[in-house]
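What follows is a set of notes on a single structure, which appears directly below.
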Amino acid sequence: MKRATAVAGIVLGFACASTSARADDSTRGPAYVQGTVGINFWDFPGLPFIGDYSWTGFDPTIEFGFHFSGKHQGLSLGIRQSFIITASNILGGHAAGTTVGRGGYDFAFKAGSMEVNVDPFLTIGAGYVFDGPHAGLQMSTGLDVKLFLTGGFYLVARPVELGFQCLHDSGRCAFAYLAGVGAGFAFGN
């Protein structure tokens, strides 16, 4: 029995030591700032007096956040500000924005000397339309994929983000699809 306990202790100790140096540990800092540009498609079904309307806009976004693990992985919280601008803004078209909190869990993987992060997330906050008194609750879920190139610098792709916004004045909800690419920097080590 003592021998089995000793062997189990050695195996458990080895497993714990190897887990602390596993291949998916990040070597980047916990704080980050990133910017993305992309598209944002909105579909507002059945709004009163104007019927259905949909529009697609250019979506520049800036985001700041922090990982509680002390590295660029694990639980993260951030804040994101984006603006949605259509080509017809010059002619009185649509413009909107969102200010949301972002929470997620970031998974880090080694790719040779580089690091790849896969980051599912949720957002919640406020969305607003500038060409009318429309504002409301904005929520979304999506996925970021980050490729660290050198130091804390990384490229980011957001292949999918799905969300909705429920407007306070009309009581209607809009569906949103977002996608984008950009770059960022992780710091704090």
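Quick note on naming: the chains in the structure tokens go A, B, ... in the order shown, residues restart at 1 in each chain, and ligands are numbered from 1 in order of appearance.
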Could you pull the residues within 10 Å of stretch 158-164 of chain A, counting only C-alpha atoms, minus those fewer than 5 positions along the same chain, as a short mmCIF file (atom, residue, chain, number, x, y, z; two decimals) with N, CA and C atoms, in the first residue's frame?
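In the end it all went to around-v3.cif:
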```cif
data_model
loop_
_atom_site.label_atom_id
_atom_site.label_comp_id
_atom_site.auth_asym_id
_atom_site.auth_seq_id
_atom_site.Cartn_x
_atom_site.Cartn_y
_atom_site.Cartn_z
N THR A 36 -9.86 46.63 -34.84
CA THR A 36 -10.29 45.84 -35.98
C THR A 36 -11.12 46.72 -36.91
N VAL A 37 -11.16 46.31 -38.16
CA VAL A 37 -12.06 46.91 -39.14
C VAL A 37 -12.78 45.76 -39.83
N GLY A 38 -14.01 46.00 -40.20
CA GLY A 38 -14.76 44.93 -40.84
C GLY A 38 -16.10 45.40 -41.33
N ASN A 40 -20.47 45.13 -40.76
CA ASN A 40 -21.52 44.94 -39.78
C ASN A 40 -22.84 44.98 -40.55
N PHE A 41 -23.54 43.88 -40.59
CA PHE A 41 -24.84 43.79 -41.29
C PHE A 41 -25.95 43.82 -40.26
N TRP A 42 -26.91 44.74 -40.45
CA TRP A 42 -28.05 44.88 -39.54
C TRP A 42 -29.34 44.58 -40.28
N ASP A 43 -30.21 43.84 -39.65
CA ASP A 43 -31.53 43.56 -40.20
C ASP A 43 -32.57 43.92 -39.15
N PHE A 44 -33.35 44.95 -39.43
CA PHE A 44 -34.41 45.41 -38.54
C PHE A 44 -35.75 44.99 -39.13
N ASP A 119 -10.28 32.64 -29.01
CA ASP A 119 -10.93 33.40 -27.94
C ASP A 119 -12.44 33.54 -28.15
N PRO A 120 -13.25 32.63 -27.63
CA PRO A 120 -14.70 32.84 -27.67
C PRO A 120 -15.09 33.92 -26.66
N PHE A 121 -16.12 34.70 -26.97
CA PHE A 121 -16.49 35.81 -26.09
C PHE A 121 -17.98 36.11 -26.14
N LEU A 122 -18.43 36.89 -25.17
CA LEU A 122 -19.78 37.45 -25.10
C LEU A 122 -19.64 38.95 -24.87
N THR A 123 -20.57 39.73 -25.41
CA THR A 123 -20.59 41.17 -25.12
C THR A 123 -21.99 41.56 -24.67
N ILE A 124 -22.05 42.60 -23.87
CA ILE A 124 -23.33 43.20 -23.48
C ILE A 124 -23.10 44.68 -23.23
N GLY A 127 -26.32 49.83 -27.72
CA GLY A 127 -26.19 50.14 -29.14
C GLY A 127 -27.07 51.33 -29.43
N GLY A 136 -30.65 51.01 -27.45
CA GLY A 136 -31.14 49.87 -26.71
C GLY A 136 -30.06 48.91 -26.32
N LEU A 137 -30.48 47.78 -25.79
CA LEU A 137 -29.59 46.74 -25.32
C LEU A 137 -28.93 46.05 -26.50
N GLN A 138 -27.62 45.90 -26.43
CA GLN A 138 -26.83 45.23 -27.47
C GLN A 138 -26.16 44.03 -26.84
N MET A 139 -26.32 42.85 -27.44
CA MET A 139 -25.65 41.63 -26.97
C MET A 139 -25.13 40.86 -28.17
N SER A 140 -23.99 40.18 -27.98
CA SER A 140 -23.45 39.37 -29.07
C SER A 140 -22.55 38.28 -28.51
N THR A 141 -22.26 37.32 -29.36
CA THR A 141 -21.28 36.27 -29.06
C THR A 141 -20.46 36.03 -30.32
N GLY A 142 -19.20 35.70 -30.14
CA GLY A 142 -18.34 35.52 -31.31
C GLY A 142 -17.05 34.84 -30.96
N LEU A 143 -16.11 34.92 -31.90
CA LEU A 143 -14.83 34.25 -31.77
C LEU A 143 -13.74 35.11 -32.40
N ASP A 144 -12.67 35.34 -31.64
CA ASP A 144 -11.46 35.97 -32.17
C ASP A 144 -10.38 34.91 -32.30
N VAL A 145 -9.56 35.00 -33.34
CA VAL A 145 -8.39 34.15 -33.50
C VAL A 145 -7.19 35.09 -33.65
N LYS A 146 -6.20 34.92 -32.76
CA LYS A 146 -5.04 35.81 -32.74
C LYS A 146 -3.78 35.04 -33.09
N CYS A 173 -36.48 44.28 -32.17
CA CYS A 173 -35.08 43.85 -32.08
C CYS A 173 -34.49 43.69 -33.47
N ALA A 174 -33.21 43.96 -33.58
CA ALA A 174 -32.48 43.82 -34.83
C ALA A 174 -31.45 42.72 -34.69
N PHE A 175 -31.22 41.98 -35.75
CA PHE A 175 -30.19 40.96 -35.81
C PHE A 175 -28.94 41.58 -36.41
N ALA A 176 -27.78 41.19 -35.91
CA ALA A 176 -26.52 41.73 -36.45
C ALA A 176 -25.53 40.61 -36.69
N TYR A 177 -24.81 40.70 -37.82
CA TYR A 177 -23.69 39.82 -38.13
C TYR A 177 -22.47 40.70 -38.33
N LEU A 178 -21.37 40.35 -37.67
CA LEU A 178 -20.15 41.13 -37.77
C LEU A 178 -18.98 40.22 -38.13
N ALA A 179 -18.02 40.75 -38.84
CA ALA A 179 -16.77 40.06 -39.13
C ALA A 179 -15.70 41.12 -39.34
N GLY A 180 -14.46 40.81 -39.01
CA GLY A 180 -13.41 41.80 -39.20
C GLY A 180 -12.02 41.24 -39.00
N VAL A 181 -11.04 42.08 -39.29
CA VAL A 181 -9.63 41.75 -39.11
C VAL A 181 -8.94 42.97 -38.51
N GLY A 182 -7.81 42.74 -37.88
CA GLY A 182 -7.08 43.86 -37.29
C GLY A 182 -5.77 43.42 -36.66
#
```
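Listed by chain and then by rising number, the residues of stretch 157-187 of chain A that DSSP assigns to strand (DSSP E or B) from the backbone are A:Ala157, A:Arg158, A:Pro159, A:Val160, A:Glu161, A:Leu162, A:Gly163, A:Phe164, A:Gln165, A:Cys166, A:Leu167, A:Cys173, A:Ala174, A:Phe175, A:Ala176, A:Tyr177, A:Leu178, A:Ala179, A:Gly180, A:Val181, A:Gly182, A:Ala183, A:Gly184, A:Phe185, A:Ala186, A:Phe187.
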Report task. Kindly indicate which residue among A:Gly125, A:Gly184, A:Gly78, A:Pro30 lies nearest to A:Tyr154, using only C-alpha atoms for the distances. Result ->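 When distances to A:Tyr154 are compared using only C-alpha atoms, the smallest one comes from A:Gly184.
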Compile a residue-level contact table for stretch 98-130 of chain A against stretch 82-87 of chain A at a cut-off of 12 Å, reporting for every qualifying residue the shortest atom pair and its distance in Å to one decimal, with only C-alpha atoms counted, rows ordered by chain and ascending number, as JSON lines.
```
{"residue": "A:Thr98", "atom": "CA", "partner": "A:Ser82", "partner_atom": "CA", "distance": 5.4}
{"residue": "A:Thr99", "atom": "CA", "partner": "A:Ser82", "partner_atom": "CA", "distance": 6.7}
{"residue": "A:Val100", "atom": "CA", "partner": "A:Ser82", "partner_atom": "CA", "distance": 8.8}
{"residue": "A:Gly101", "atom": "CA", "partner": "A:Ser82", "partner_atom": "CA", "distance": 11.6}
{"residue": "A:Gly125", "atom": "CA", "partner": "A:Ser82", "partner_atom": "CA", "distance": 11.6}
{"residue": "A:Ala126", "atom": "CA", "partner": "A:Ser82", "partner_atom": "CA", "distance": 10.8}
{"residue": "A:Gly127", "atom": "CA", "partner": "A:Ser82", "partner_atom": "CA", "distance": 9.5}
{"residue": "A:Tyr128", "atom": "CA", "partner": "A:Phe83", "partner_atom": "CA", "distance": 9.5}
{"residue": "A:Val129", "atom": "CA", "partner": "A:Ile84", "partner_atom": "CA", "distance": 9.0}
{"residue": "A:Phe130", "atom": "CA", "partner": "A:Ile84", "partner_atom": "CA", "distance": 9.8}
```
**Report entry** Between atom CA of A:Gly151 and atom CA of A:Ala108, distance in Å (one decimal)
**Finding:** 14.9 Å
Query raised in the report: What is the distance between atom CA of A:Phe148 and atom CA of A:Asp59, in Å to one decimal?
Result: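 These atoms are spaced 23.1 Å apart.
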Query raised in the report: If you count only C-alpha atoms, which residues fall within 9 Å of A:Arg28, apart from same-chain ones fewer than 3 positions away, as a ChimeraX atom specification?
Result: /A:31,70-73,115,148,151-152,186-189
Go ahead and save the picked residues with N, CA and C atoms, as an mmCIF file, in the first residue's frame.
```
data_model
loop_
_atom_site.group_PDB
_atom_site.id
_atom_site.type_symbol
_atom_site.label_atom_id
_atom_site.label_comp_id
_atom_site.auth_asym_id
_atom_site.auth_seq_id
_atom_site.Cartn_x
_atom_site.Cartn_y
_atom_site.Cartn_z
ATOM 1 N N ALA A 31 -2.542 42.372 -20.278
ATOM 2 C CA ALA A 31 -3.322 43.511 -20.779
ATOM 3 C C ALA A 31 -3.194 43.584 -22.295
ATOM 4 N N GLY A 70 -2.732 36.624 -15.500
ATOM 5 C CA GLY A 70 -1.405 37.229 -15.543
ATOM 6 C C GLY A 70 -0.693 36.988 -16.856
ATOM 7 N N LYS A 71 -1.337 36.237 -17.778
ATOM 8 C CA LYS A 71 -0.824 35.977 -19.116
ATOM 9 C C LYS A 71 -1.964 36.215 -20.101
ATOM 10 N N HIS A 72 -1.661 36.141 -21.389
ATOM 11 C CA HIS A 72 -2.687 36.370 -22.412
ATOM 12 C C HIS A 72 -3.466 35.078 -22.675
ATOM 13 N N GLN A 73 -4.129 34.606 -21.631
ATOM 14 C CA GLN A 73 -4.963 33.410 -21.729
ATOM 15 C C GLN A 73 -5.898 33.390 -20.524
ATOM 16 N N GLU A 115 2.607 32.075 -31.247
ATOM 17 C CA GLU A 115 1.492 31.671 -30.398
ATOM 18 C C GLU A 115 0.191 31.971 -31.125
ATOM 19 N N PHE A 148 0.195 35.686 -32.731
ATOM 20 C CA PHE A 148 1.274 36.525 -32.220
ATOM 21 C C PHE A 148 2.490 36.357 -33.108
ATOM 22 N N GLY A 151 7.154 39.584 -30.025
ATOM 23 C CA GLY A 151 6.851 40.302 -28.796
ATOM 24 C C GLY A 151 5.377 40.168 -28.471
ATOM 25 N N GLY A 152 4.738 41.264 -28.174
ATOM 26 C CA GLY A 152 3.307 41.235 -27.883
ATOM 27 C C GLY A 152 2.434 41.571 -29.067
ATOM 28 N N ALA A 186 -0.277 42.885 -26.804
ATOM 29 C CA ALA A 186 -0.417 42.410 -25.428
ATOM 30 C C ALA A 186 0.772 42.913 -24.620
ATOM 31 N N PHE A 187 0.519 43.431 -23.439
ATOM 32 C CA PHE A 187 1.598 43.996 -22.618
ATOM 33 C C PHE A 187 1.308 43.737 -21.142
ATOM 34 N N GLY A 188 2.253 44.086 -20.302
ATOM 35 C CA GLY A 188 2.067 43.970 -18.870
ATOM 36 C C GLY A 188 2.999 43.002 -18.185
ATOM 37 N N ASN A 189 3.910 42.344 -18.913
ATOM 38 C CA ASN A 189 4.887 41.443 -18.256
ATOM 39 C C ASN A 189 6.068 42.242 -17.749
#
```
Query raised in the report: A:Thr150, A:Gly57, A:Thr27, A:Gln81: which is nearest A:Ser69, counting only C-alpha atoms?
Result: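 Closest to A:Ser69 of all the choices is A:Thr27.
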